[in-house]
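Colleague: Take a look at final-v1.txt, compact mmCIF, C-alpha atoms:
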```
# COMPACT_ATOMS: atom_id res chain seq x y z
CA MET A 268 18.54 -1.18 0.73
CA ASN A 269 19.18 -0.72 4.39
CA SER A 270 19.54 -4.07 6.09
CA SER A 271 20.19 -2.53 9.51
CA VAL A 272 16.54 -1.72 10.16
CA SER A 273 15.80 -3.15 13.58
CA PHE A 274 12.51 -1.61 14.72
CA HIS A 275 9.46 -2.82 12.82
CA PRO A 276 5.70 -2.32 12.90
CA GLN A 277 3.58 -5.02 14.54
CA ASP A 278 2.22 -7.74 12.24
CA ASP A 279 -1.33 -6.51 12.96
CA MET A 280 -0.46 -3.16 11.40
CA LEU A 281 1.01 -4.83 8.33
CA LEU A 282 -2.20 -6.86 8.01
CA ASP A 283 -4.38 -3.74 8.16
CA PHE A 284 -2.06 -2.02 5.70
CA SER A 285 -2.29 -4.89 3.23
CA SER A 286 -6.09 -5.06 3.40
CA GLY A 287 -6.31 -1.28 3.01
CA ARG A 288 -7.90 -0.78 6.42
CA LEU A 289 -5.18 1.26 8.11
CA ASP A 290 -5.76 4.99 8.62
CA ASP A 291 -4.01 7.14 6.04
CA ALA A 292 -1.34 8.69 8.27
CA PRO A 293 -0.07 5.44 9.87
CA ALA A 294 -0.25 3.90 6.39
CA MET A 295 2.10 6.64 5.13
CA CYS A 296 4.55 5.69 7.89
CA ILE A 297 4.30 2.00 7.00
CA SER A 298 4.87 2.86 3.35
CA ALA A 299 7.98 4.90 4.28
CA HIS A 300 9.25 2.04 6.45
CA LEU A 301 8.76 -0.46 3.61
CA HIS A 302 11.03 1.67 1.45
CA PHE A 303 13.90 0.75 3.78
CA CYS A 304 12.87 -2.63 5.16
CA GLU A 305 13.16 -5.79 3.13
CA ARG A 306 11.78 -7.94 5.95
CA CYS A 307 8.48 -6.08 6.16
CA ARG A 308 8.24 -5.72 2.39
CA SER A 309 8.41 -9.47 2.12
CA ARG A 310 5.70 -9.82 4.79
CA VAL A 311 3.41 -7.33 3.12
CA ASN A 312 3.95 -9.04 -0.24
CA GLN A 313 3.00 -12.36 1.36
CA LEU A 314 -0.17 -10.77 2.72
CA THR A 315 -1.00 -9.28 -0.67
CA GLU A 316 -0.69 -12.75 -2.19
CA LEU A 317 -3.09 -13.94 0.51
CA GLY A 318 -5.51 -11.11 -0.28
CA SER A 319 -5.29 -11.98 -3.95
CA GLU A 320 -6.08 -15.64 -3.29
CA VAL A 321 -9.06 -14.73 -1.06
CA PHE A 322 -10.22 -12.34 -3.79
CA SER A 323 -9.93 -14.97 -6.53
CA LYS A 324 -12.06 -17.36 -4.46
CA GLY A 325 -14.66 -14.75 -3.60
CA ALA A 326 -18.29 -14.98 -4.72
CA PRO A 327 -18.74 -13.46 -8.19
CA VAL A 328 -21.63 -11.03 -8.64
CA THR A 329 -23.42 -10.72 -12.00
CA LEU A 330 -22.53 -7.61 -13.94
CA GLU A 331 -24.87 -5.27 -15.79
CA HIS A 332 -25.66 -6.85 -19.17
CA ASP A 333 -24.00 -4.03 -21.08
CA ALA A 334 -20.97 -3.62 -18.79
CA LEU A 335 -18.43 -4.77 -21.35
CA ASP A 336 -19.96 -2.67 -24.16
CA LYS A 337 -19.79 0.39 -21.92
CA LEU A 338 -16.17 -0.29 -21.19
CA PHE A 339 -15.20 -0.73 -24.86
CA ALA A 340 -17.10 2.47 -25.67
CA ARG A 341 -14.98 4.25 -23.06
CA ILE A 342 -11.82 2.71 -24.42
CA ASP A 343 -12.72 3.76 -27.96
CA SER A 344 -13.39 7.33 -26.93
CA SER A 345 -9.92 7.61 -25.42
CA GLN A 346 -7.27 5.67 -27.24
CA GLU A 347 -4.28 6.71 -25.18
CA TYR A 348 -2.74 4.45 -22.67
CA GLU A 349 0.21 4.65 -20.35
CA VAL A 350 3.58 3.55 -21.50
CA GLY A 351 6.20 1.84 -19.44
CA ASP A 352 6.69 0.84 -15.87
CA THR A 353 7.63 4.33 -14.75
CA HIS A 354 7.05 3.50 -11.09
CA THR A 355 9.71 0.88 -11.00
CA ALA A 356 12.21 3.05 -12.80
CA SER A 357 11.75 5.98 -10.46
CA ALA A 358 11.77 3.74 -7.39
CA SER A 359 15.13 2.29 -8.25
CA THR A 360 16.52 5.75 -9.00
CA ALA A 361 15.24 6.94 -5.65
CA ALA A 362 16.88 4.00 -3.94
CA LYS A 363 20.21 4.65 -5.64
CA HIS A 364 20.27 8.30 -4.69
CA GLY A 365 19.07 7.68 -1.16
CA ILE A 366 16.32 10.27 -1.33
CA TYR A 367 13.14 10.00 0.69
CA PRO A 368 10.49 7.31 0.21
CA HIS A 369 7.94 7.97 -2.52
CA VAL A 370 5.07 8.96 -0.18
CA VAL A 371 7.25 11.62 1.45
CA GLU A 372 8.56 12.92 -1.87
CA LYS A 373 5.03 13.21 -3.17
CA LEU A 374 3.83 15.10 -0.09
CA LEU A 375 6.85 17.40 -0.31
CA SER A 376 6.15 18.18 -3.93
CA ASN A 377 2.61 19.43 -3.27
CA GLU A 378 2.64 22.82 -5.01
CA ASP A 379 -0.52 24.05 -3.31
CA HIS A 380 0.74 23.31 0.17
CA LYS A 381 4.49 23.83 0.13
CA PRO A 382 5.91 22.56 3.43
CA ARG A 383 8.07 25.02 5.36
CA TRP A 384 10.56 24.33 8.12
CA ARG A 385 10.00 26.23 11.35
CA ASN A 386 12.00 26.15 14.56
CA VAL A 387 10.53 24.50 17.63
CA SER A 388 13.78 24.84 19.58
CA SER A 389 17.43 25.40 18.71
CA SER A 390 17.76 21.64 18.09
CA LEU A 391 14.44 20.84 16.48
CA LYS A 392 12.68 21.93 13.30
CA VAL A 393 9.29 20.82 12.04
CA ALA A 394 7.71 20.95 8.59
CA ARG A 395 4.04 20.03 8.43
CA LEU A 396 2.90 18.02 5.41
CA PHE A 397 -0.50 18.42 3.84
CA THR A 398 -2.12 15.01 3.46
CA GLY A 399 -5.85 15.67 3.19
CA GLN A 400 -6.84 13.53 6.20
CA ASN A 401 -7.99 14.89 9.54
CA LYS A 402 -6.94 12.49 12.26
CA PHE A 403 -3.19 12.98 12.46
CA GLU A 404 -0.70 15.72 11.99
CA VAL A 405 1.88 14.42 9.56
CA ALA A 406 5.23 16.21 9.58
CA LEU A 407 8.95 15.96 9.08
CA HIS A 408 11.08 16.54 12.17
CA ARG A 409 14.73 17.50 11.88
CA ILE A 410 16.86 16.99 14.99
CA LYS A 411 20.17 18.80 14.83
CA ALA A 412 23.31 16.66 15.17
CA GLY A 413 23.87 16.22 18.88
CA GLY A 414 20.67 18.15 19.57
CA VAL A 415 18.61 17.40 22.64
CA THR A 416 14.84 17.69 22.22
CA PRO A 417 12.49 18.39 25.12
CA ILE A 418 11.35 15.41 27.19
CA HIS A 419 7.71 14.87 26.28
CA ASN A 420 4.60 12.88 27.02
CA HIS A 421 2.13 11.63 24.38
CA GLY A 422 -1.56 12.36 24.47
CA GLY A 423 -2.18 9.89 21.66
CA LYS A 424 -0.30 7.66 19.25
CA GLU A 425 2.87 8.89 17.61
CA TYR A 426 4.35 7.04 14.66
CA THR A 427 7.92 7.84 13.65
CA VAL A 428 10.07 6.57 10.79
CA VAL A 429 13.70 7.62 10.60
CA LEU A 430 14.37 8.87 7.07
CA SER A 431 18.02 9.82 7.51
CA GLY A 432 20.57 10.01 10.31
CA SER A 433 19.73 8.56 13.71
CA PHE A 434 18.47 9.46 17.15
CA SER A 435 18.17 7.74 20.48
CA ASP A 436 15.93 7.78 23.51
CA GLU A 437 15.66 5.79 26.73
CA ASN A 438 14.68 2.66 24.78
CA GLY A 439 17.27 2.48 22.05
CA VAL A 440 19.09 3.91 19.08
CA TYR A 441 17.02 4.34 15.94
CA ASN A 442 18.57 4.31 12.49
CA GLU A 443 17.41 4.87 8.95
CA GLY A 444 14.16 3.03 8.28
CA ASP A 445 13.35 2.20 11.91
CA PHE A 446 9.67 2.39 12.81
CA ILE A 447 8.73 3.61 16.28
CA LEU A 448 5.27 3.69 17.81
CA LYS A 449 4.66 5.63 21.03
CA GLU A 450 1.33 5.09 22.74
CA ALA A 451 -0.63 7.60 24.81
CA GLY A 452 1.14 8.04 28.14
CA ASP A 453 4.61 7.09 26.86
CA ILE A 454 7.29 9.58 27.83
CA HIS A 455 10.53 9.94 25.93
CA HIS A 456 13.46 12.21 25.40
CA PRO A 457 14.92 11.96 21.89
CA VAL A 458 18.51 12.99 21.30
CA GLY A 459 20.04 13.40 17.84
CA ALA A 460 23.15 11.43 16.92
CA LYS A 461 26.38 13.33 17.28
CA TYR A 462 27.59 13.93 13.74
CA LYS A 463 24.59 14.09 11.46
CA ASP A 464 21.18 15.72 11.48
CA CYS A 465 18.32 13.28 11.84
CA VAL A 466 15.17 13.62 9.72
CA CYS A 467 12.05 11.69 10.68
CA LEU A 468 8.55 11.32 9.30
CA THR A 469 6.01 11.54 12.10
CA ALA A 470 2.27 11.10 12.42
CA LEU A 471 0.91 12.53 15.62
CA GLU A 472 -2.60 11.75 16.85
CA ALA A 473 -2.85 14.27 19.66
CA PRO A 474 -0.65 17.07 20.97
CA ILE A 475 2.44 16.01 22.86
CA GLU A 476 2.73 17.35 26.37
CA LEU A 477 5.77 19.02 27.89
CA PRO A 478 6.01 19.23 31.64
CA GLY A 479 6.24 22.52 33.57
CA ILE A 480 6.69 26.08 32.39
CA LEU A 481 8.30 24.94 29.12
CA GLY A 482 5.12 23.06 28.30
CA TRP A 483 3.03 26.12 28.98
CA LEU A 484 5.27 28.27 26.78
CA MET A 485 5.40 25.75 23.96
CA LYS A 486 1.73 24.82 23.95
CA PRO A 487 0.71 27.09 21.07
CA ILE A 488 3.62 25.80 18.99
CA LEU A 489 2.91 22.17 19.70
CA ARG A 490 -0.80 22.23 19.03
CA ILE A 491 -1.42 19.69 16.29
CA HIS A 492 -2.86 20.61 12.93
CA PRO A 493 -4.11 17.61 11.05
CA ALA A 494 -4.10 18.43 7.35
CA MET B 275 -1.48 9.55 -29.73
CA ASN B 276 0.52 7.92 -32.50
CA ALA B 277 3.68 8.93 -30.73
CA ILE B 278 2.53 7.07 -27.68
CA LEU B 279 1.58 4.01 -29.67
CA ASN B 280 4.87 4.05 -31.55
CA SER B 281 6.91 4.45 -28.42
CA ASN B 282 4.98 1.58 -26.94
CA MET B 283 5.74 -0.61 -29.92
CA ARG B 284 9.41 0.32 -29.72
CA LYS B 285 9.42 -0.54 -26.07
CA ASN B 286 7.90 -3.94 -26.75
CA ALA B 287 10.43 -4.59 -29.47
CA GLN B 288 13.22 -3.73 -27.06
CA ARG B 289 12.10 -6.12 -24.38
CA ILE B 290 15.14 -8.20 -23.68
CA LYS B 291 13.39 -11.20 -22.28
CA PRO B 292 10.57 -12.58 -24.40
CA LEU B 293 7.53 -13.39 -22.33
CA GLN B 294 7.44 -17.09 -22.90
CA SER B 295 6.35 -19.83 -20.63
CA GLN B 296 9.68 -21.64 -20.69
CA ASP B 297 11.25 -18.58 -19.05
CA THR B 298 9.65 -19.35 -15.77
CA PRO B 299 11.42 -21.40 -13.15
CA THR B 300 8.31 -23.21 -11.99
CA GLY B 301 5.87 -22.54 -14.79
CA LYS B 302 3.32 -21.25 -12.30
CA ARG B 303 3.37 -17.56 -13.09
CA ASP B 304 2.28 -17.90 -16.66
CA ASP B 305 -1.19 -18.97 -15.74
CA GLU B 306 -3.88 -18.46 -18.34
CA TRP B 307 -4.74 -14.94 -17.10
CA THR B 308 -1.14 -13.83 -17.19
CA LEU B 309 -0.85 -14.93 -20.81
CA ARG B 310 -4.06 -13.10 -21.70
CA LEU B 311 -2.89 -9.97 -19.96
CA ILE B 312 0.36 -10.06 -21.91
CA ARG B 313 -1.67 -10.31 -25.12
CA VAL B 314 -3.59 -7.21 -24.05
CA ALA B 315 -0.34 -5.40 -23.29
CA GLU B 316 1.45 -6.32 -26.47
CA HIS B 317 -1.31 -6.57 -29.06
CA ARG B 318 -4.19 -4.64 -27.50
CA ASP B 319 -6.05 -7.93 -27.93
CA ARG B 320 -9.74 -7.23 -27.29
CA LYS B 321 -10.78 -10.86 -27.19
CA ALA B 322 -8.25 -11.61 -24.46
CA PHE B 323 -9.38 -8.48 -22.63
CA ALA B 324 -13.04 -9.50 -22.88
CA GLU B 325 -12.17 -12.88 -21.36
CA ILE B 326 -10.31 -11.19 -18.52
CA PHE B 327 -13.32 -8.93 -18.02
CA GLN B 328 -15.81 -11.81 -17.94
CA HIS B 329 -13.73 -13.59 -15.31
CA PHE B 330 -12.56 -10.76 -13.09
CA GLY B 331 -15.43 -8.27 -13.51
CA PRO B 332 -17.88 -10.34 -11.39
CA LEU B 333 -15.13 -11.00 -8.80
CA ILE B 334 -14.43 -7.27 -8.55
CA LYS B 335 -18.12 -6.58 -8.17
CA GLY B 336 -18.25 -9.15 -5.36
CA PHE B 337 -15.22 -7.48 -3.80
CA ALA B 338 -16.84 -4.05 -4.09
CA ARG B 339 -18.91 -4.05 -0.96
CA PHE B 340 -19.55 -0.50 0.03
CA GLU B 341 -21.02 -0.28 3.47
CA ASN B 342 -21.77 2.89 5.38
CA VAL B 343 -21.69 5.15 2.35
CA ASP B 344 -24.41 7.62 1.44
CA SER B 345 -24.24 6.93 -2.28
CA ASP B 346 -25.98 4.05 -4.03
CA SER B 347 -23.72 1.12 -3.26
CA VAL B 348 -24.78 -1.04 -6.25
CA GLN B 349 -24.01 1.83 -8.58
CA LEU B 350 -20.64 2.27 -6.87
CA SER B 351 -19.87 -1.43 -7.31
CA ASP B 352 -20.55 -1.22 -11.03
CA GLU B 353 -18.47 1.93 -11.19
CA LEU B 354 -15.60 0.18 -9.46
CA VAL B 355 -15.68 -2.65 -12.02
CA GLN B 356 -15.45 -0.08 -14.83
CA GLU B 357 -12.68 1.90 -13.10
CA VAL B 358 -10.56 -1.16 -12.38
CA MET B 359 -11.01 -2.72 -15.80
CA ILE B 360 -10.16 0.47 -17.65
CA LYS B 361 -6.97 0.60 -15.61
CA VAL B 362 -6.26 -3.00 -16.55
CA TRP B 363 -6.56 -1.96 -20.20
CA ASN B 364 -4.59 1.27 -19.82
CA LYS B 365 -1.82 -0.07 -17.64
CA ALA B 366 -1.46 -3.57 -19.07
CA ASP B 367 1.84 -2.44 -20.52
CA SER B 368 3.32 -1.91 -17.06
CA PHE B 369 2.35 -5.42 -15.94
CA ASN B 370 5.51 -7.39 -15.30
CA PRO B 371 4.88 -11.15 -15.20
CA ASN B 372 8.25 -11.63 -13.52
CA LYS B 373 6.96 -9.80 -10.47
CA SER B 374 3.40 -10.94 -10.02
CA ALA B 375 0.71 -13.15 -11.44
CA ALA B 376 -2.11 -11.42 -13.31
CA THR B 377 -4.58 -12.22 -10.52
CA THR B 378 -2.41 -10.50 -7.91
CA TRP B 379 -1.84 -7.52 -10.20
CA ILE B 380 -5.57 -7.11 -10.84
CA TYR B 381 -6.39 -7.63 -7.17
CA THR B 382 -3.97 -4.90 -6.04
CA MET B 383 -5.47 -2.56 -8.61
CA ALA B 384 -8.99 -3.38 -7.40
CA ARG B 385 -7.97 -2.87 -3.76
CA ASN B 386 -6.27 0.48 -4.45
CA THR B 387 -9.09 1.76 -6.63
CA LYS B 388 -11.68 0.71 -4.07
CA ILE B 389 -9.89 2.57 -1.28
CA ASP B 390 -9.53 5.69 -3.42
CA MET B 391 -13.21 5.50 -4.27
CA LEU B 392 -14.15 5.14 -0.60
CA ARG B 393 -12.08 8.20 0.25
CA ARG B 394 -13.80 10.10 -2.52
CA VAL B 395 -17.35 9.24 -1.47
CA ASN B 396 -16.69 9.57 2.23
CA ARG B 397 -14.96 12.86 2.61
CA GLN B 398 -11.55 13.41 1.29
CA ALA B 399 -11.75 15.21 -2.02
CA THR B 400 -8.39 16.86 -1.43
CA GLN B 401 -6.27 13.79 -0.93
CA SER B 402 -2.61 14.38 -1.63
CA LEU B 403 -1.95 10.70 -2.29
CA ASP B 404 -3.61 7.94 -4.27
CA ASN B 405 -3.61 4.52 -2.70
CA GLU B 406 -1.15 3.42 -5.35
CA ASP B 407 1.38 5.84 -3.84
CA TYR B 408 1.43 3.85 -0.63
CA TRP B 409 2.45 0.79 -2.60
CA HIS B 410 5.25 2.31 -4.56
CA PRO B 411 7.31 -0.70 -5.60
CA VAL B 412 10.93 -1.10 -4.68
CA ASP B 413 12.87 -2.84 -7.36
CA GLU B 414 14.43 -5.89 -5.78
CA GLU B 415 13.78 -8.59 -8.26
CA THR B 416 16.17 -11.46 -7.77
CA PRO B 417 15.86 -15.09 -8.80
CA ILE B 418 15.52 -15.96 -5.11
CA SER B 419 12.78 -13.44 -4.30
CA GLU B 420 10.93 -14.63 -7.39
CA LEU B 421 11.22 -18.25 -6.33
CA VAL B 422 10.10 -17.43 -2.79
CA ARG B 423 7.11 -15.58 -4.18
CA GLN B 424 6.16 -18.56 -6.35
CA ARG B 425 6.36 -20.91 -3.38
CA THR B 426 4.38 -18.55 -1.16
CA LYS B 427 1.66 -18.32 -3.76
CA GLN B 428 1.55 -22.07 -4.16
CA THR B 429 1.36 -22.65 -0.39
CA ILE B 430 -1.47 -20.13 -0.05
CA HIS B 431 -3.29 -21.57 -3.04
CA GLU B 432 -3.19 -25.09 -1.65
CA GLY B 433 -3.68 -24.12 1.99
CA LEU B 434 -6.50 -21.58 1.91
CA SER B 435 -9.27 -24.01 1.06
CA GLN B 436 -8.06 -26.41 3.76
CA LEU B 437 -8.28 -23.93 6.60
CA PRO B 438 -10.97 -24.55 9.21
CA PRO B 439 -14.08 -22.60 8.13
CA GLU B 440 -13.89 -20.15 11.04
CA GLN B 441 -10.38 -19.10 10.02
CA GLY B 442 -11.36 -18.72 6.37
CA ASP B 443 -14.37 -16.61 7.40
CA VAL B 444 -12.17 -14.18 9.29
CA LEU B 445 -9.78 -13.80 6.35
CA ARG B 446 -12.70 -13.18 3.98
CA LYS B 447 -14.05 -10.45 6.26
CA ILE B 448 -10.63 -8.80 6.37
CA TYR B 449 -9.77 -9.01 2.68
CA LEU B 450 -13.14 -8.97 0.93
CA GLU B 451 -15.09 -6.72 3.27
CA GLY B 452 -12.08 -4.61 4.23
CA LYS B 453 -12.70 -4.87 7.96
CA SER B 454 -10.19 -4.41 10.76
CA GLN B 455 -9.82 -7.22 13.27
CA SER B 456 -11.87 -5.27 15.84
CA GLU B 457 -14.64 -4.73 13.28
CA VAL B 458 -14.61 -8.44 12.47
CA ALA B 459 -14.90 -9.20 16.20
CA GLU B 460 -17.88 -6.88 16.50
CA ASP B 461 -19.47 -8.23 13.34
CA MET B 462 -19.14 -11.87 14.38
CA ASP B 463 -19.86 -11.16 18.04
CA LEU B 464 -16.55 -12.61 19.15
CA PRO B 465 -13.87 -11.38 21.55
CA LEU B 466 -11.07 -9.54 19.73
CA GLY B 467 -8.57 -12.06 21.11
CA THR B 468 -10.42 -14.90 19.36
CA VAL B 469 -10.35 -13.10 16.02
CA LYS B 470 -6.66 -12.34 16.41
CA SER B 471 -5.79 -15.91 17.28
CA ARG B 472 -7.80 -17.22 14.29
CA VAL B 473 -5.85 -14.89 12.02
CA ARG B 474 -2.58 -15.91 13.63
CA ARG B 475 -3.33 -19.61 13.27
CA ALA B 476 -4.37 -19.17 9.65
CA LEU B 477 -1.19 -17.25 8.85
CA ASP B 478 0.89 -19.91 10.60
CA LYS B 479 -0.75 -22.69 8.60
CA LEU B 480 -0.16 -20.81 5.37
CA GLN B 481 3.42 -20.19 6.48
CA LEU B 482 3.00 -16.44 6.20
CA MET B 483 4.56 -13.61 8.17
CA VAL B 484 7.73 -15.51 8.70
CA ASN B 485 11.13 -14.33 7.61
CA LYS B 486 11.72 -15.73 4.16
```
Translate the structure described by the file into structure tokens.

Modeller:
Amino acid sequence: MNSSVSFHPQDDMLLDFSSGRLDDAPAMCISAHLHFCERCRSRVNQLTELGSEVFSKGAPVTLEHDALDKLFARIDSSQEYEVGDTHTASASTAAKHGIYPHVVEKLLSNEDHKPRWRNVSSSLKVARLFTGQNKFEVALHRIKAGGVTPIHNHGGKEYTVVLSGSFSDENGVYNEGDFILKEAGDIHHPVGAKYKDCVCLTALEAPIELPGILGWLMKPILRIHPA
Amino acid sequence: MNAILNSNMRKNAQRIKPLQSQDTPTGKRDDEWTLRLIRVAEHRDRKAFAEIFQHFGPLIKGFARFENVDSDSVQLSDELVQEVMIKVWNKADSFNPNKSAATTWIYTMARNTKIDMLRRVNRQATQSLDNEDYWHPVDEETPISELVRQRTKQTIHEGLSQLPPEQGDVLRKIYLEGKSQSEVAEDMDLPLGTVKSRVRRALDKLQLMVNK
């Protein structure tokens, strides 16, 4: 897909992702990044092969004596099975049409918790996504073309993956698929690219902080709501 | 149900590439388990499935360590074996031997099912995503990526048992016990830096995490 991805997660994060140990919200961001990034996909696949080899050399533990009978009884009571590699088909369709990564699409399609865009400022909209975990607020951010967002500080970790368009801050220009991690204490000032809106997936651990009167005014809006 | 079975048979008949061993560039992917899994997919072969079960069931149970859960962990382990193996039966048709070996396919299913089960017992009944969703495949099968995958697998297979024991121990804690590097450090009473450098050295020896 996009070979111009230039900001990647640390190897440690990919390792935790592959072993299943990463928290849900950062894992969603990794998953979205993998949709765009061949380099990290290859790394994660290598780690999965490693996990598989460790698994195959693990110590076997004796099963219940009737485990197989139980299983066949279950199979016999329900004779239907899935047909076709539907995942692969839909993934390649998604890639062709340039829509969002699967995790994002699935969160957006949650009928019980329909995400809604709301304005944070004239240049910035946010739509919270319901994920069922309680450590991070996961959301889509839309920065208007050429829009300037408020300079802000981070009270905790903030993971961002650019889903479409691009934005920049003091440290660089981020394009589709780029993965950005801001640590507590990092300050930045994102600006949308000139000609196209930028949509990002974000996972925010603690409320961001705006300096001065603006911060005071925006506080109720910026309070995080993990969901 | 018949409609599903019939459509499945049609699909099998339409497969362009027959799943034969001579198709493979290196011959590695059609290991014995892969061939058995294909028999399960195409013929619902119960004998082949039973053999897969006898081999992988005990490995899955060994993999199913549930620590820090309120529920009975032995019962959960047995439940995981059942959950994973029923998925192997139900989803065998979506197994693509051109993309992974049977062992890797079954391992990823065991890992995803285990994580979902942990979420279920721990707290999160209202999860929006299954672990499988995080691993949504991107279709990028090329002869080169397939060849690279084969080589990677071979290097890991040959290299893992030759790692110094302390590096192997760390990898087992990460992949079998599902621990983070900091948890491994705590568990083994080692500085985090030592654990990280053992992982790094192991990955270097296995030629992993490099751009391929």

Colleague: Got a sec: who's within 9 Å of Leu403 (chain B), counting only C-alpha atoms, leaving out chain neighbours fewer than 4 positions off, as a list in words?

Modeller: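 Residues meeting the cut-off are Val370, Lys373, Leu374, Thr398 and Gly399 of chain A; Asp407 and Tyr408 of chain B.
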
Colleague: CA of Ala476 (chain B) to CA of Ala375 (chain B): how many Å, to one decimal?

Modeller: 22.5 Å

Colleague: Hey, what's within 12 Å of His332 (chain A) if we count all atoms listed in the file and toss same-chain stuff fewer than 4 positions away? As a list in words, please?

Modeller: Asp336, Lys337 and Leu338 of chain A; Gln328, Gly331, Pro332 and Asp352 of chain B

Colleague: Got a sec: who's within 9 Å of Ala315 (chain B), counting all atoms listed in the file, leaving out chain neighbours fewer than 5 positions off, as a VMD selection string?

Modeller: chain B and resid 310 363 to 369

Colleague: Measuring between all atoms listed in the file, which one of B:Glu341, B:Glu432, B:Glu460, B:Glu440 shows the shortest distance to chain A?

Modeller: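 Looking only at the distances to chain A, the closest residue turns out to be B:Glu432.
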
Colleague: Please report the interatomic distance between CA of Val473 (chain B) and CA of Ser347 (chain B) in Å with one decimal.

Modeller: 28.4 Å

Colleague: Determine, counting only C-alpha atoms, which protein, DNA and RNA residues have an atom within 6 Å of an atom of Gly413 (chain A); residues of the same chain fewer than 2 positions away are not included. Present the result as a PyMOL selection string.

Modeller: chain A and resi 459-461

Colleague: Work out how far CA of Ile430 (chain B) is from CA of Glu316 (chain A), in Å to one decimal.

Modeller: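 Computed distance, CA of Glu316 (chain A) to CA of Ile430 (chain B), equals 7.7 Å.
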
Colleague: Considering only C-alpha atoms, can you say which of B:Ser351, B:Asn396, B:Asn372, B:Ser454 comes closest to chain A?

Modeller: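 Of B:Ser351, B:Asn396, B:Asn372, B:Ser454, the one nearest chain A, counting only C-alpha atoms, is B:Ser454.
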
Colleague: Using all atoms listed in the file, which of B:Ala459, B:Leu482, B:Leu434, B:Ala338 sits nearest Gln356 (chain B)?

Modeller: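 Going through B:Ala459, B:Leu482, B:Leu434, B:Ala338 one by one, the smallest distance to Gln356 (chain B) is for B:Ala338.
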
Colleague: Could you build a table of the residues in region 269-294 of chain A lying no more than 10 Å from region 421-429 of chain A, giving for each the nearest pair of atoms and their separation in Å rounded to one decimal place, using only C-alpha atoms, ordered by chain and ascending residue number, as CSV?

Modeller:
```
residue,atom,partner,partner_atom,distance
A:Val272,CA,A:Val429,CA,9.8
A:Phe274,CA,A:Val428,CA,9.4
A:His275,CA,A:Val428,CA,9.6
A:Pro276,CA,A:Tyr426,CA,9.6
A:Ala292,CA,A:Tyr426,CA,8.7
A:Pro293,CA,A:Tyr426,CA,6.7
A:Ala294,CA,A:Tyr426,CA,10.0
```
